[in-house]
file input_8.pdb (PDB, C-alpha atoms)
ATOM      1  CA  MET A 257       0.000   0.000   0.000  1.00  0.00           C
ATOM      2  CA  ASN A 258       1.451   3.334  -1.038  1.00  0.00           C
ATOM      3  CA  GLY A 259       1.475   5.914   1.783  1.00  0.00           C
ATOM      4  CA  MET A 260       0.495   8.607  -0.701  1.00  0.00           C
ATOM      5  CA  ASP A 261      -2.841   6.858  -1.359  1.00  0.00           C
ATOM      6  CA  LYS A 262      -3.840   7.077   2.300  1.00  0.00           C
ATOM      7  CA  LYS A 263      -6.320   9.642   3.508  1.00  0.00           C
ATOM      8  CA  LEU A 264      -8.293  10.187   6.666  1.00  0.00           C
ATOM      9  CA  TYR A 265     -11.588   8.301   6.742  1.00  0.00           C
ATOM     10  CA  THR A 266     -14.294   8.306   9.361  1.00  0.00           C
ATOM     11  CA  VAL A 267     -16.069   4.971   9.771  1.00  0.00           C
ATOM     12  CA  ILE A 268     -19.488   4.906  11.432  1.00  0.00           C
ATOM     13  CA  ILE A 269     -20.820   1.537  12.546  1.00  0.00           C
ATOM     14  CA  TYR A 270     -24.160   0.724  14.160  1.00  0.00           C
ATOM     15  CA  SER A 271     -24.836  -2.380  16.226  1.00  0.00           C
ATOM     16  CA  GLU A 272     -27.089  -3.604  18.949  1.00  0.00           C
ATOM     17  CA  ASN A 273     -25.647  -2.969  22.402  1.00  0.00           C
ATOM     18  CA  LEU A 274     -23.934  -6.350  22.835  1.00  0.00           C
ATOM     19  CA  ALA A 275     -20.745  -7.372  24.624  1.00  0.00           C
ATOM     20  CA  GLY A 276     -17.866  -8.194  22.285  1.00  0.00           C
ATOM     21  CA  VAL A 277     -18.908  -6.077  19.302  1.00  0.00           C
ATOM     22  CA  LEU A 278     -16.155  -3.518  19.849  1.00  0.00           C
ATOM     23  CA  ASN A 279     -13.551  -6.301  19.963  1.00  0.00           C
ATOM     24  CA  MET A 280     -14.937  -7.791  16.754  1.00  0.00           C
ATOM     25  CA  VAL A 281     -14.828  -4.389  15.021  1.00  0.00           C
ATOM     26  CA  THR A 282     -11.288  -3.521  16.082  1.00  0.00           C
ATOM     27  CA  ALA A 283     -10.103  -7.020  15.107  1.00  0.00           C
ATOM     28  CA  GLU A 284     -11.071  -6.300  11.488  1.00  0.00           C
ATOM     29  CA  PHE A 285      -8.778  -3.284  11.433  1.00  0.00           C
ATOM     30  CA  THR A 286      -6.001  -5.093  13.306  1.00  0.00           C
ATOM     31  CA  ARG A 287      -6.050  -7.932  10.746  1.00  0.00           C
ATOM     32  CA  ARG A 288      -5.222  -5.426   8.020  1.00  0.00           C
ATOM     33  CA  GLN A 289      -2.746  -3.562  10.248  1.00  0.00           C
ATOM     34  CA  ILE A 290      -4.797  -0.356  10.156  1.00  0.00           C
ATOM     35  CA  ASN A 291      -4.243   1.855  13.178  1.00  0.00           C
ATOM     36  CA  ILE A 292      -7.386   3.470  14.589  1.00  0.00           C
ATOM     37  CA  GLU A 293      -6.568   7.134  15.281  1.00  0.00           C
ATOM     38  CA  THR A 294      -9.716   7.961  17.293  1.00  0.00           C
ATOM     39  CA  LEU A 295     -12.602   5.879  18.608  1.00  0.00           C
ATOM     40  CA  ASN A 296     -15.870   7.021  20.126  1.00  0.00           C
ATOM     41  CA  VAL A 297     -18.612   4.636  21.218  1.00  0.00           C
ATOM     42  CA  SER A 298     -22.006   5.929  22.276  1.00  0.00           C
ATOM     43  CA  SER A 299     -25.704   5.316  22.086  1.00  0.00           C
ATOM     44  CA  SER A 300     -27.318   6.457  18.845  1.00  0.00           C
ATOM     45  CA  SER A 301     -30.590   8.210  18.121  1.00  0.00           C
ATOM     46  CA  ILE A 302     -32.200   4.761  17.891  1.00  0.00           C
ATOM     47  CA  GLU A 303     -33.057   2.973  21.128  1.00  0.00           C
ATOM     48  CA  ASN A 304     -30.769  -0.002  21.970  1.00  0.00           C
ATOM     49  CA  VAL A 305     -28.460   0.762  19.039  1.00  0.00           C
ATOM     50  CA  HIS A 306     -24.854   1.822  19.641  1.00  0.00           C
ATOM     51  CA  ARG A 307     -22.754   3.900  17.299  1.00  0.00           C
ATOM     52  CA  TYR A 308     -19.012   3.453  16.815  1.00  0.00           C
ATOM     53  CA  THR A 309     -17.226   6.407  15.204  1.00  0.00           C
ATOM     54  CA  MET A 310     -13.605   5.813  14.212  1.00  0.00           C
ATOM     55  CA  SER A 311     -11.063   7.843  12.315  1.00  0.00           C
ATOM     56  CA  LEU A 312      -8.191   6.174  10.510  1.00  0.00           C
ATOM     57  CA  TRP A 313      -5.683   6.655   7.705  1.00  0.00           C
ATOM     58  CA  CYS A 314      -6.233   4.198   4.889  1.00  0.00           C
ATOM     59  CA  ASP A 315      -6.530   3.812   1.129  1.00  0.00           C
ATOM     60  CA  GLU A 316     -10.014   3.639  -0.380  1.00  0.00           C
ATOM     61  CA  GLU A 317      -9.755   0.076  -1.677  1.00  0.00           C
ATOM     62  CA  THR A 318      -8.848  -1.266   1.776  1.00  0.00           C
ATOM     63  CA  ILE A 319     -11.493   0.746   3.638  1.00  0.00           C
ATOM     64  CA  LYS A 320     -14.173  -0.499   1.209  1.00  0.00           C
ATOM     65  CA  LYS A 321     -13.139  -4.121   1.889  1.00  0.00           C
ATOM     66  CA  VAL A 322     -13.089  -3.694   5.669  1.00  0.00           C
ATOM     67  CA  VAL A 323     -16.483  -1.951   5.766  1.00  0.00           C
ATOM     68  CA  LYS A 324     -17.978  -4.627   3.505  1.00  0.00           C
ATOM     69  CA  ARG A 325     -16.643  -7.383   5.828  1.00  0.00           C
ATOM     70  CA  LEU A 326     -18.011  -5.550   8.881  1.00  0.00           C
ATOM     71  CA  GLU A 327     -21.482  -5.279   7.338  1.00  0.00           C
ATOM     72  CA  LYS A 328     -21.547  -9.069   6.870  1.00  0.00           C
ATOM     73  CA  LYS A 329     -21.146  -9.644  10.607  1.00  0.00           C
ATOM     74  CA  ILE A 330     -24.422 -10.627  12.230  1.00  0.00           C
ATOM     75  CA  ASP A 331     -24.156  -8.142  15.108  1.00  0.00           C
ATOM     76  CA  ILE A 332     -23.461  -5.160  12.819  1.00  0.00           C
ATOM     77  CA  LEU A 333     -26.569  -3.364  11.598  1.00  0.00           C
ATOM     78  CA  ARG A 334     -24.760  -0.993   9.250  1.00  0.00           C
ATOM     79  CA  ALA A 335     -21.243   0.270   8.479  1.00  0.00           C
ATOM     80  CA  ASP A 336     -20.266   3.236   6.305  1.00  0.00           C
ATOM     81  CA  TYR A 337     -17.107   5.219   5.637  1.00  0.00           C
ATOM     82  CA  TYR A 338     -16.802   8.919   4.897  1.00  0.00           C
ATOM     83  CA  THR A 339     -14.239  11.463   3.798  1.00  0.00           C
ATOM     84  CA  GLU A 340     -13.936  14.830   5.549  1.00  0.00           C
ATOM     85  CA  ASP A 341     -16.187  16.610   3.031  1.00  0.00           C
ATOM     86  CA  GLU A 342     -19.065  14.155   3.635  1.00  0.00           C
ATOM     87  CA  ILE A 343     -19.420  14.716   7.396  1.00  0.00           C
ATOM     88  CA  PHE A 344     -19.243  17.290  10.173  1.00  0.00           C
ATOM     89  CA  VAL A 345     -16.584  16.281  12.722  1.00  0.00           C
ATOM     90  CA  GLN A 346     -15.821  17.711  16.143  1.00  0.00           C
ATOM     91  CA  GLU A 347     -13.839  16.698  19.197  1.00  0.00           C
ATOM     92  CA  VAL A 348     -14.135  17.799  22.812  1.00  0.00           C
ATOM     93  CA  ALA A 349     -11.128  18.542  24.991  1.00  0.00           C
ATOM     94  CA  LEU A 350     -10.633  19.188  28.691  1.00  0.00           C
ATOM     95  CA  TYR A 351      -7.567  21.026  29.933  1.00  0.00           C
ATOM     96  CA  LYS A 352      -6.780  21.112  33.648  1.00  0.00           C
ATOM     97  CA  ILE A 353      -4.566  24.127  34.229  1.00  0.00           C
ATOM     98  CA  SER A 354      -2.989  25.618  37.334  1.00  0.00           C
ATOM     99  CA  THR A 355      -5.236  28.229  38.969  1.00  0.00           C
ATOM    100  CA  PRO A 356      -2.285  30.040  40.634  1.00  0.00           C
ATOM    101  CA  LYS A 357      -0.599  30.403  37.208  1.00  0.00           C
ATOM    102  CA  LEU A 358      -3.890  31.532  35.654  1.00  0.00           C
ATOM    103  CA  LEU A 359      -4.280  34.235  38.323  1.00  0.00           C
ATOM    104  CA  GLU A 360      -0.684  35.474  38.084  1.00  0.00           C
ATOM    105  CA  ASN A 361      -0.537  35.448  34.253  1.00  0.00           C
ATOM    106  CA  LYS A 362      -3.354  37.447  32.586  1.00  0.00           C
ATOM    107  CA  HIS A 363      -2.211  36.187  29.178  1.00  0.00           C
ATOM    108  CA  ILE A 364      -3.655  32.734  29.989  1.00  0.00           C
ATOM    109  CA  SER A 365      -7.160  34.248  30.323  1.00  0.00           C
ATOM    110  CA  LYS A 366      -6.707  35.888  26.922  1.00  0.00           C
ATOM    111  CA  ILE A 367      -5.653  32.542  25.446  1.00  0.00           C
ATOM    112  CA  ILE A 368      -8.897  30.974  26.728  1.00  0.00           C
ATOM    113  CA  ARG A 369     -11.062  33.753  25.247  1.00  0.00           C
ATOM    114  CA  HIS A 370      -9.210  33.917  21.907  1.00  0.00           C
ATOM    115  CA  ASN A 371      -9.639  30.169  21.431  1.00  0.00           C
ATOM    116  CA  ASN A 372     -13.393  30.196  22.177  1.00  0.00           C
ATOM    117  CA  ALA A 373     -12.875  27.870  25.124  1.00  0.00           C
ATOM    118  CA  ARG A 374     -14.809  28.073  28.385  1.00  0.00           C
ATOM    119  CA  VAL A 375     -14.034  27.580  32.035  1.00  0.00           C
ATOM    120  CA  ILE A 376     -16.226  24.871  33.557  1.00  0.00           C
ATOM    121  CA  GLU A 377     -14.615  24.523  37.015  1.00  0.00           C
ATOM    122  CA  ILE A 378     -12.339  26.699  39.061  1.00  0.00           C
ATOM    123  CA  ASN A 379     -10.910  26.207  42.528  1.00  0.00           C
ATOM    124  CA  SER A 380      -7.768  27.306  44.336  1.00  0.00           C
ATOM    125  CA  THR A 381      -5.662  24.489  42.851  1.00  0.00           C
ATOM    126  CA  TYR A 382      -6.836  23.982  39.290  1.00  0.00           C
ATOM    127  CA  THR A 383      -9.138  25.309  36.585  1.00  0.00           C
ATOM    128  CA  VAL A 384     -10.840  23.061  34.038  1.00  0.00           C
ATOM    129  CA  VAL A 385     -11.244  24.513  30.550  1.00  0.00           C
ATOM    130  CA  GLU A 386     -13.411  22.925  27.852  1.00  0.00           C
ATOM    131  CA  GLN A 387     -13.077  23.348  24.115  1.00  0.00           C
ATOM    132  CA  THR A 388     -14.944  21.885  21.149  1.00  0.00           C
ATOM    133  CA  GLY A 389     -13.481  21.900  17.669  1.00  0.00           C
ATOM    134  CA  LYS A 390     -11.356  20.143  15.112  1.00  0.00           C
ATOM    135  CA  THR A 391      -8.186  18.320  16.183  1.00  0.00           C
ATOM    136  CA  GLU A 392      -5.946  21.160  14.973  1.00  0.00           C
ATOM    137  CA  THR A 393      -7.870  23.739  17.040  1.00  0.00           C
ATOM    138  CA  ILE A 394      -7.684  21.610  20.177  1.00  0.00           C
ATOM    139  CA  LEU A 395      -3.964  20.931  19.800  1.00  0.00           C
ATOM    140  CA  LYS A 396      -3.296  24.632  19.122  1.00  0.00           C
ATOM    141  CA  LEU A 397      -4.831  25.557  22.481  1.00  0.00           C
ATOM    142  CA  TYR A 398      -2.876  22.784  24.190  1.00  0.00           C
ATOM    143  CA  LYS A 399       0.391  24.138  22.759  1.00  0.00           C
ATOM    144  CA  GLU A 400      -0.479  27.663  23.911  1.00  0.00           C
ATOM    145  CA  PHE A 401      -1.197  26.431  27.452  1.00  0.00           C
ATOM    146  CA  ALA A 402       1.974  24.297  27.415  1.00  0.00           C
ATOM    147  CA  ALA A 403       4.030  27.349  26.417  1.00  0.00           C
ATOM    148  CA  GLU A 404       2.716  29.062  29.570  1.00  0.00           C
ATOM    149  CA  GLN A 405       3.671  25.948  31.608  1.00  0.00           C
ATOM    150  CA  CYS A 406       0.248  25.740  33.215  1.00  0.00           C
ATOM    151  CA  VAL A 407      -1.081  22.349  32.009  1.00  0.00           C
ATOM    152  CA  LEU A 408      -1.768  19.819  34.761  1.00  0.00           C
ATOM    153  CA  GLN A 409      -3.817  17.377  32.643  1.00  0.00           C
ATOM    154  CA  PHE A 410      -5.131  17.189  29.097  1.00  0.00           C
ATOM    155  CA  VAL A 411      -7.599  14.831  27.416  1.00  0.00           C
ATOM    156  CA  LYS A 412      -9.551  14.921  24.183  1.00  0.00           C
ATOM    157  CA  SER A 413     -12.305  12.766  22.774  1.00  0.00           C
ATOM    158  CA  GLY A 414     -12.251  10.895  19.532  1.00  0.00           C
ATOM    159  CA  HIS A 415     -14.187  12.174  16.569  1.00  0.00           C
ATOM    160  CA  ILE A 416     -17.883  12.693  16.963  1.00  0.00           C
ATOM    161  CA  ALA A 417     -19.536  13.081  13.601  1.00  0.00           C
ATOM    162  CA  VAL A 418     -22.798  13.541  11.791  1.00  0.00           C
ATOM    163  CA  THR A 419     -23.202  13.016   8.077  1.00  0.00           C
ATOM    164  CA  ARG A 420     -24.228  15.787   5.715  1.00  0.00           C
ATOM    165  CA  ASP A 421     -27.247  13.635   4.788  1.00  0.00           C
ATOM    166  CA  VAL A 422     -30.613  14.704   6.174  1.00  0.00           C
ATOM    167  CA  ILE A 423     -31.077  11.542   8.276  1.00  0.00           C
ATOM    168  CA  GLU A 424     -28.873   8.687   9.393  1.00  0.00           C
ATOM    169  CA  HIS A 425     -28.665   5.884   6.831  1.00  0.00           C
ATOM    170  CA  LEU A 426     -29.583   3.370   9.513  1.00  0.00           C
ATOM    171  CA  THR A 427     -32.823   5.214  10.334  1.00  0.00           C
ATOM    172  CA  GLU A 428     -33.808   4.997   6.673  1.00  0.00           C
ATOM    173  CA  GLN A 429     -32.801   1.315   6.517  1.00  0.00           C
ATOM    174  CA  LEU A 430     -34.796   0.430   9.660  1.00  0.00           C
ATOM    175  CA  TYR A 431     -37.842   2.252   8.262  1.00  0.00           C
ATOM    176  CA  VAL A 432     -37.671   0.075   5.114  1.00  0.00           C
ATOM    177  CA  PHE A 433     -37.307  -3.093   7.272  1.00  0.00           C
ATOM    178  CA  ASP A 434     -40.295  -2.002   9.372  1.00  0.00           C
ATOM    179  CA  GLU A 435     -42.442  -1.347   6.285  1.00  0.00           C
ATOM    180  CA  ASP A 436     -41.435  -4.747   4.818  1.00  0.00           C
ATOM    181  CA  ALA A 437     -42.321  -6.463   8.127  1.00  0.00           C
ATOM    182  CA  LYS A 438     -45.772  -4.801   8.123  1.00  0.00           C
ATOM    183  CA  ARG A 439     -46.449  -6.045   4.581  1.00  0.00           C
ATOM    184  CA  VAL A 440     -45.494  -9.618   5.535  1.00  0.00           C
ATOM    185  CA  LYS A 441     -48.010  -9.674   8.419  1.00  0.00           C
TER     186      LYS A 441
END
call {"tool": "encode", "arguments": {"input": "input_8.pdb", "output": "structure tokens"}}
result
Amino acid sequence: MNGMDKKLYTVIIYSENLAGVLNMVTAEFTRRQINIETLNVSSSSIENVHRYTMSLWCDEETIKKVVKRLEKKIDILRADYYTEDEIFVQEVALYKISTPKLLENKHISKIIRHNNARVIEINSTYTVVEQTGKTETILKLYKEFAAEQCVLQFVKSGHIAVTRDVIEHLTEQLYVFDEDAKRVK
């Protein structure tokens, strides 16, 4: 596989909330030696259905094969892959910074405001700052805090994403299944 053919894909997978599904999903990527950059697992807009959102660098031929194999698994309801222009992606970050340094260095407050971040907790020891944005935005703020030597802890989520389509593909698919089931009765 040529490194130049790789691009960042976001894979969205839906499954019932069952033990072992995450292991099964990650095993498919491990088999092909594809490193998962970010992973977010959450409930979806459909009751009892979980959504796995992963970002990874891959070539299109390989991602098509992996997604096709995932869709064949009995516990997977649907799997799709997207490029950056087909979805809206955000991440959430929490920065724990030193309150004494924040109070003695007014520039840190300016950094928070200029980066559209918000303070969600403050006490005499630490201040927790939250930011939502793209990876580059989140890492930029981290670097600015690090330059001020005020970072105590830092964590960011994996990608959370919604497609540019009007509704989720799975919702549409389940509606068709439901209509087919009604006709069979």
call {"tool": "resolve_selection", "arguments": {"input": "input_8.pdb", "expression": "the PyMOL selection byres ((chain A and resi 309-318) around 10)", "output": "PDB file with C-alpha atoms, in the frame of the given file"}}
result
ATOM      1  CA  MET A 257       0.000   0.000   0.000  1.00  0.00           C
ATOM      2  CA  ASN A 258       1.451   3.334  -1.038  1.00  0.00           C
ATOM      3  CA  GLY A 259       1.475   5.914   1.783  1.00  0.00           C
ATOM      4  CA  MET A 260       0.495   8.607  -0.701  1.00  0.00           C
ATOM      5  CA  ASP A 261      -2.841   6.858  -1.359  1.00  0.00           C
ATOM      6  CA  LYS A 262      -3.840   7.077   2.300  1.00  0.00           C
ATOM      7  CA  LYS A 263      -6.320   9.642   3.508  1.00  0.00           C
ATOM      8  CA  LEU A 264      -8.293  10.187   6.666  1.00  0.00           C
ATOM      9  CA  TYR A 265     -11.588   8.301   6.742  1.00  0.00           C
ATOM     10  CA  THR A 266     -14.294   8.306   9.361  1.00  0.00           C
ATOM     11  CA  VAL A 267     -16.069   4.971   9.771  1.00  0.00           C
ATOM     12  CA  ILE A 268     -19.488   4.906  11.432  1.00  0.00           C
ATOM     13  CA  ILE A 269     -20.820   1.537  12.546  1.00  0.00           C
ATOM     14  CA  TYR A 270     -24.160   0.724  14.160  1.00  0.00           C
ATOM     15  CA  THR A 282     -11.288  -3.521  16.082  1.00  0.00           C
ATOM     16  CA  PHE A 285      -8.778  -3.284  11.433  1.00  0.00           C
ATOM     17  CA  ARG A 288      -5.222  -5.426   8.020  1.00  0.00           C
ATOM     18  CA  ILE A 290      -4.797  -0.356  10.156  1.00  0.00           C
ATOM     19  CA  ASN A 291      -4.243   1.855  13.178  1.00  0.00           C
ATOM     20  CA  ILE A 292      -7.386   3.470  14.589  1.00  0.00           C
ATOM     21  CA  GLU A 293      -6.568   7.134  15.281  1.00  0.00           C
ATOM     22  CA  THR A 294      -9.716   7.961  17.293  1.00  0.00           C
ATOM     23  CA  LEU A 295     -12.602   5.879  18.608  1.00  0.00           C
ATOM     24  CA  ASN A 296     -15.870   7.021  20.126  1.00  0.00           C
ATOM     25  CA  VAL A 297     -18.612   4.636  21.218  1.00  0.00           C
ATOM     26  CA  SER A 298     -22.006   5.929  22.276  1.00  0.00           C
ATOM     27  CA  HIS A 306     -24.854   1.822  19.641  1.00  0.00           C
ATOM     28  CA  ARG A 307     -22.754   3.900  17.299  1.00  0.00           C
ATOM     29  CA  TYR A 308     -19.012   3.453  16.815  1.00  0.00           C
ATOM     30  CA  ILE A 319     -11.493   0.746   3.638  1.00  0.00           C
ATOM     31  CA  LYS A 320     -14.173  -0.499   1.209  1.00  0.00           C
ATOM     32  CA  LYS A 321     -13.139  -4.121   1.889  1.00  0.00           C
ATOM     33  CA  VAL A 322     -13.089  -3.694   5.669  1.00  0.00           C
ATOM     34  CA  VAL A 323     -16.483  -1.951   5.766  1.00  0.00           C
ATOM     35  CA  LYS A 324     -17.978  -4.627   3.505  1.00  0.00           C
ATOM     36  CA  ALA A 335     -21.243   0.270   8.479  1.00  0.00           C
ATOM     37  CA  ASP A 336     -20.266   3.236   6.305  1.00  0.00           C
ATOM     38  CA  TYR A 337     -17.107   5.219   5.637  1.00  0.00           C
ATOM     39  CA  TYR A 338     -16.802   8.919   4.897  1.00  0.00           C
ATOM     40  CA  THR A 339     -14.239  11.463   3.798  1.00  0.00           C
ATOM     41  CA  GLY A 414     -12.251  10.895  19.532  1.00  0.00           C
ATOM     42  CA  HIS A 415     -14.187  12.174  16.569  1.00  0.00           C
ATOM     43  CA  ILE A 416     -17.883  12.693  16.963  1.00  0.00           C
ATOM     44  CA  ALA A 417     -19.536  13.081  13.601  1.00  0.00           C
ATOM     45  CA  VAL A 418     -22.798  13.541  11.791  1.00  0.00           C
TER      46      VAL A 418
END
call {"tool": "residues_around", "arguments": {"input": "input_8.pdb", "residues": "region 347-362 of chain A", "least_positions_apart": "4", "cutoff": "12 Å", "atoms": "only C-alpha atoms", "output": "PyMOL selection string"}}
result
chain A and resi 294-296+309-311+366-369+373-402+404-417
call {"tool": "closest_residue", "arguments": {"input": "input_8.pdb", "among": "A:Glu272, A:Ser299, A:Val281, A:Thr419", "to": "Gln346 (chain A)", "atoms": "all atoms listed in the file"}}
result
A:Thr419
call {"tool": "residues_near_point", "arguments": {"input": "input_8.pdb", "point": "(-22.5, -10.2, 14.4)", "cutoff": "10 Å", "atoms": "all atoms listed in the file", "output": "ChimeraX atom specification"}}
result
/A:271-272,274,276-277,280-281,326-333
call {"tool": "atom_distance", "arguments": {"input": "input_8.pdb", "atom1": "CA of Ala283 (chain A)", "atom2": "CA of Val345 (chain A)"}}
result
24.3 Å
call {"tool": "atom_distance", "arguments": {"input": "input_8.pdb", "atom1": "CA of Ala275 (chain A)", "atom2": "CA of Ile302 (chain A)"}}
result
18.0 Å
call {"tool": "atom_distance", "arguments": {"input": "input_8.pdb", "atom1": "CA of Asn273 (chain A)", "atom2": "CA of Glu342 (chain A)"}}
result
26.2 Å
call {"tool": "axis_aligned_box", "arguments": {"input": "input_8.pdb", "around": "region 373-376 of chain A", "padding_each_side": "6 Å", "output": "lines of an AutoDock Vina configuration file"}}
result
center_x = -14.6
center_y = 26.5
center_z = 29.3
size_x = 15.4
size_y = 15.2
size_z = 20.4
call {"tool": "closest_residue", "arguments": {"input": "input_8.pdb", "among": "A:Val305, A:Asp341, A:His363, A:Glu284", "to": "Arg420 (chain A)", "atoms": "all atoms listed in the file"}}
result
A:Asp341
